[in-house]
Structures are given as structure tokens and as C-alpha cells.
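*Asks:* Dumping the structure here so I can ask a few things about it.
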Amino acid sequence: MIDDLFGYSDVPAREPLADGALLLRGYAGDAAEELLQAIDAITTAAPFRHMITPGGYRMSVAMTNCGRVGWVSDRRGYRYQPTDPDTGRPWPAMPAAFAELAARAAAEAGFAGFVPDACLINRYAPGSRLSLHQDRDEPDLRAPVVSVSLGLPAVFLFGGRRRGDRPRRHRLAHGDVVVWGGPARLAFHGIAPLAEGAHPATGACRINLTFRKAL
Ligand code: MD6
Ligand code: FE
């Protein structure tokens with residue numbers, strides 16, 4: 001449990017969202033400043049951009065990547081590729097501290113030995129959203145996904161394995177980590193339109209890191 005100033009604990013630090021999905025509240029709080037500094041360096045080399053969906057829509061979330069491969073979307077579809085399509089260069093390397101944090105969180109949730117090779121970095125401005133989707137572009141679905149939330153809070157929509165399963169809503173705040181695998185690996189999920197606000201660590205945005213084994 002997370003204790004408040006007066007020693008009371010009301011928010012559970014580990015909250016199961018479903019069989020195979022665990023929310024670790026505040027798990028990345030201590031690492032947040034270091035993560036954000038590293039993200040600044042990564043986005044200098046590989047700037048955030050709004051990718052185009054296969055259907056021709058511009059995504060409201062701005063994205064970039066680090067790691068051996070990065071997730072991209074364009075008119076040809078979704079895929080992982082080793083180079084940044086905007087620069088032709090390899091994606092920036094994944095900092096060791098990123099991979100270590102993701103592996104520790106995965107182990108907490110019962111997925112020991114998680115070695116991510118891709119980290120998708122999402123930036124949400126107020127109004128940005130991510131519609132319900134499954135993460136299924138990775139060849140090895142035995143590996144979990146680990147997601148780290150920084151900055152403004154968001155409402156995470158978490159449904160079931162069928163698109164029609166009604167999603168539940170979970171608030172994700174600065175430092176929260178979600179680990180997701182096993183029977184939950186193909187659950188539909190999304191992010192509701194981000195509310196206006198300002199956060200001391202990021203300003204008027206939310207940044208999300210999702211770590212995957214994509215090779
Ligand atoms: C986000 N996250 O939190 C978007 N996918 O900004 C995802 O799409 C996601 O958080 C798989 C597992 C965890 C996630
Ligand atoms: Fe996802």
C-alpha cells in the first residue's frame with residue numbers, strides 16, 4: 001500500500017486489472033526524472049511525429065521509439081522496423097535503465113526474464129486519444145507488454161479479448177506501470193481523450209513508454 005503523509009494507506013500499490021494484467025501504482029516514480037531526461041535525448045535524435053494509420057488518418061498521439069526496432073504505422077500497415085522512416089537512421093538505443101525498469105516490473109507481475117527490444121514512446125496532448133486496439137504486431141505473444149505513464153493522468157480503457165467487451169476505466173498517473181501478458185495479452189485497450197492540465201514533470205502532456213519483445 002502507498003502511505004500518505006499521515007501514514008494512512010488507501011490506494012493499493014498493486015492492483016490486478018484482469019488475469020494477467022497488473023497495475024503497479026507509482027512504481028516508476030523514483031526513476032521518472034531520469035526517464036524524462038533520457039526521453040529528451042532520444043527525441044532530439046528521433047523527434048516525435050504523428051504517424052498515419054493504414055486507413056489514412058493522422059494519429060492524435062505523437063510517437064517515436066528507441067531500441068533495436070521501433071513500431072511504425074503508415075498506409076502500408078503497422079510493423080516494427082530497425083530504422084526511423086523519417087531519418088533513415090537506426091532508432092536510438094534503449095537506455096539500460098529503461099530495460100532494467102521494465103524487466104523488474106515484469107518480474108513483479110510474474111513474467112521473469114522479460115528482455116524488451118522495442119520501446120514505443122507516446123506523447124499525448126490534451127484531446128489526444130488512442131482508440132481501442134489489441135497489441136498483436138509482436139511475433140512472440142508469450143512476452144508481456146510493460147507500460148510506464150509519466151506526466152498528466154489519463155483514463156486507460158481496458159476491455160476483454162473481443163472488441164465488443166465493455167471496457168473498464170482505470171486512472172493512470174505519473175509513475176504508474178502496467179504489466180500485461182498471458183491471458184490478458186490480447187485484451188482490447190485504449191486511452192480516453194486526455195484532459196487539459198499541467199504537470200510539474202512534463203508540462204501539458206502525458207508521456208507513455210511501452211516496452212515489447214518485438215523480435
Ligand atoms: C498508453 N498504451 O498507455 C497506451 N498497450 O498510452 C497501450 O496501448 C498499451 O498501456 C499494451 C499494454 C499496455 C499499454
Ligand atoms: Fe496498446
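Letters A, B, ... go to the chains of the C-alpha cells in the order shown; residues in each chain start at 1; ligands are counted from 1 in the same order.
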Report as a list in words which protein, DNA and RNA residues come within 7 Å of ligand 1, using only C-alpha atoms and all ligand atoms.

*Replies:* Asn122, Leu130, Asp135, Val145, Val146, Ser147, Ser149, Phe156, Val178, Val179, Trp180, His189, Gly190, Ile191, Asn208 and Thr210 of chain A

*Asks:* Can those selected residues be exported to a file as a CSV table (one decimal), in the first residue's frame so that it contains N, CA and C atoms?

*Replies:*
chain,number,residue,atom,x,y,z
A,122,ASN,N,5.1,7.4,-26.5
A,122,ASN,CA,3.9,8.1,-27.0
A,122,ASN,C,3.7,9.4,-26.2
A,130,LEU,N,-6.3,7.3,-27.9
A,130,LEU,CA,-5.9,6.1,-28.6
A,130,LEU,C,-7.1,5.2,-28.6
A,135,ASP,N,-2.6,-5.2,-29.0
A,135,ASP,CA,-1.2,-5.2,-29.4
A,135,ASP,C,-0.9,-6.6,-29.9
A,145,VAL,N,3.7,-7.0,-22.3
A,145,VAL,CA,4.0,-5.6,-22.6
A,145,VAL,C,4.1,-4.9,-21.2
A,146,VAL,N,5.0,-4.0,-21.1
A,146,VAL,CA,5.1,-3.2,-19.9
A,146,VAL,C,5.0,-1.7,-20.3
A,147,SER,N,4.1,-1.0,-19.6
A,147,SER,CA,3.7,0.4,-19.9
A,147,SER,C,4.0,1.3,-18.7
A,149,SER,N,3.7,5.3,-17.3
A,149,SER,CA,3.0,6.5,-17.5
A,149,SER,C,3.7,7.7,-16.8
A,156,PHE,N,-7.3,4.9,-18.8
A,156,PHE,CA,-7.0,3.7,-19.5
A,156,PHE,C,-8.2,2.9,-19.6
A,178,VAL,N,1.9,-0.5,-15.9
A,178,VAL,CA,1.0,-1.6,-16.1
A,178,VAL,C,1.8,-2.7,-16.8
A,179,VAL,N,1.6,-3.9,-16.3
A,179,VAL,CA,2.2,-5.1,-17.0
A,179,VAL,C,1.1,-6.0,-17.4
A,180,TRP,N,1.2,-6.6,-18.5
A,180,TRP,CA,0.2,-7.1,-19.3
A,180,TRP,C,0.6,-8.3,-20.1
A,189,HIS,N,-7.7,-2.5,-25.5
A,189,HIS,CA,-7.5,-1.4,-24.6
A,189,HIS,C,-7.3,-0.1,-25.4
A,190,GLY,N,-7.3,1.0,-24.7
A,190,GLY,CA,-7.1,2.3,-25.3
A,190,GLY,C,-7.0,3.4,-24.2
A,191,ILE,N,-6.9,4.7,-24.7
A,191,ILE,CA,-6.7,5.8,-23.8
A,191,ILE,C,-7.8,6.8,-24.2
A,208,ASN,N,3.9,8.2,-22.4
A,208,ASN,CA,3.8,6.8,-22.1
A,208,ASN,C,4.9,6.0,-22.8
A,210,THR,N,5.9,2.1,-23.9
A,210,THR,CA,5.5,0.7,-23.8
A,210,THR,C,6.7,-0.1,-24.4

*Asks:* Fewer than 2 positions away in the same chain doesn't count, so skip those; otherwise give me all residues within 7 Å of Cys205 of chain A, counting only C-alpha atoms, as number ranges by chain.

*Replies:* A: 123-126, 151-152, 202-203, 207

*Asks:* Would you save the residues from that selection as a PDB file, in the first residue's frame, using C-alpha atoms?

*Replies:*
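Here's the written file selection12.pdb:
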ATOM      1  CA  ARG A 123       3.119  11.764 -26.290  1.00  0.00           C
ATOM      2  CA  TYR A 124      -0.460  12.843 -25.574  1.00  0.00           C
ATOM      3  CA  ALA A 125      -1.534  16.492 -25.648  1.00  0.00           C
ATOM      4  CA  PRO A 126      -4.957  17.403 -24.219  1.00  0.00           C
ATOM      5  CA  GLY A 151       3.082  13.424 -16.595  1.00  0.00           C
ATOM      6  CA  LEU A 152      -0.625  14.192 -16.898  1.00  0.00           C
ATOM      7  CA  THR A 202       6.131  17.209 -18.259  1.00  0.00           C
ATOM      8  CA  GLY A 203       4.034  20.363 -18.639  1.00  0.00           C
ATOM      9  CA  ILE A 207       4.188  10.530 -21.989  1.00  0.00           C
TER      10      ILE A 207
END

*Asks:* Give the helix (DSSP H, G or I) residues of segment 33-199 of chain A, as assigned by DSSP on the backbone, as a list in words.

*Replies:*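 The residues of segment 33-199 of chain A classed as helix (DSSP H, G or I) are Glu33, Glu34, Leu35, Leu36, Gln37, Ala38, Ile39, Asp40, Ala41, Ile42, Thr43, Thr44, Ala45, Ala96, Ala97, Phe98, Ala99, Glu100, Leu101, Ala102, Ala103, Arg104, Ala105, Ala106, Ala107, Glu108, Gly182, Pro183 and Ala184 of chain A.
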
*Asks:* Create the file for the chosen residues now, containing C-alpha atoms and written as a tab-separated table (two decimals), in the first residue's frame.

*Replies:*
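Below you can see again28.tsv, which holds the result:
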chain	number	residue	atom	x	y	z
A	33	GLU	CA	13.26	12.31	-13.77
A	34	GLU	CA	15.95	10.07	-15.23
A	35	LEU	CA	13.47	8.60	-17.72
A	36	LEU	CA	12.35	12.05	-18.86
A	37	GLN	CA	15.95	13.24	-19.35
A	38	ALA	CA	16.67	10.17	-21.47
A	39	ILE	CA	13.47	10.78	-23.46
A	40	ASP	CA	14.71	14.32	-24.23
A	41	ALA	CA	17.91	12.90	-25.68
A	42	ILE	CA	16.04	10.24	-27.68
A	43	THR	CA	13.59	12.74	-29.16
A	44	THR	CA	16.43	15.04	-30.21
A	45	ALA	CA	17.69	12.21	-32.44
A	96	ALA	CA	19.91	0.27	-19.88
A	97	ALA	CA	17.83	1.90	-17.15
A	98	PHE	CA	14.69	1.57	-19.34
A	99	ALA	CA	15.17	-2.14	-19.96
A	100	GLU	CA	16.03	-2.78	-16.30
A	101	LEU	CA	12.91	-1.00	-15.03
A	102	ALA	CA	10.71	-2.90	-17.49
A	103	ALA	CA	12.27	-6.24	-16.55
A	104	ARG	CA	11.83	-5.59	-12.81
A	105	ALA	CA	8.18	-4.61	-13.27
A	106	ALA	CA	7.52	-7.65	-15.47
A	107	ALA	CA	9.04	-9.94	-12.84
A	108	GLU	CA	6.78	-8.35	-10.18
A	182	GLY	CA	-0.53	-14.20	-20.51
A	183	PRO	CA	-4.33	-14.45	-20.65
A	184	ALA	CA	-4.59	-10.61	-20.92

*Asks:* Here is a test: counting only C-alpha atoms and all ligand atoms, which residue of A:Asp140, A:Gly197, A:Arg168, A:Trp71 is nearest to ligand 2?

*Replies:*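 Looking only at the distances to ligand 2, the closest residue turns out to be A:Trp71.
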
*Asks:* Pick the closest to ligand 2 from A:Pro153, A:Gly181, A:Gly67, A:Pro92: which is it, counting only C-alpha atoms and all ligand atoms?

*Replies:*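 The shortest atom-to-atom distance to ligand 2 comes from A:Gly181.
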
*Asks:* Run DSSP on the backbone and give me the residues of chain A it puts in strand (DSSP E or B), as an NGL selection string.

*Replies:* :A and (3 or 9 or 14-18 or 21-24 or 49 or 52 or 58 or 62-67 or 70-74 or 77-81 or 83 or 90 or 118-124 or 130-133 or 145-151 or 154-158 or 168-172 or 177-180 or 189-191 or 199 or 203 or 206-212)

*Asks:* How many Å lie between atom CA of Pro193 of chain A and atom CA of Asp117 of chain A, rounded to one decimal?

*Replies:*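 Result for atom CA of Pro193 of chain A versus atom CA of Asp117 of chain A: 28.7 Å, one decimal.
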
*Asks:* In Å, rounded to a single decimal, give me how far atom CA of Arg185 of chain A is from atom CA of Pro144 of chain A.

*Replies:*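 Pair atom CA of Pro144 of chain A / atom CA of Arg185 of chain A returns 6.6 Å.
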
*Asks:* For each of A:Leu132, A:Ala13, A:Leu150, A:Met59, take the minimum atom-to-atom distance to ligand 2, counting only C-alpha atoms and all ligand atoms, then give the residue where this is smallest.

*Replies:*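 Among A:Leu132, A:Ala13, A:Leu150, A:Met59, it is A:Leu132 that comes nearest to ligand 2.
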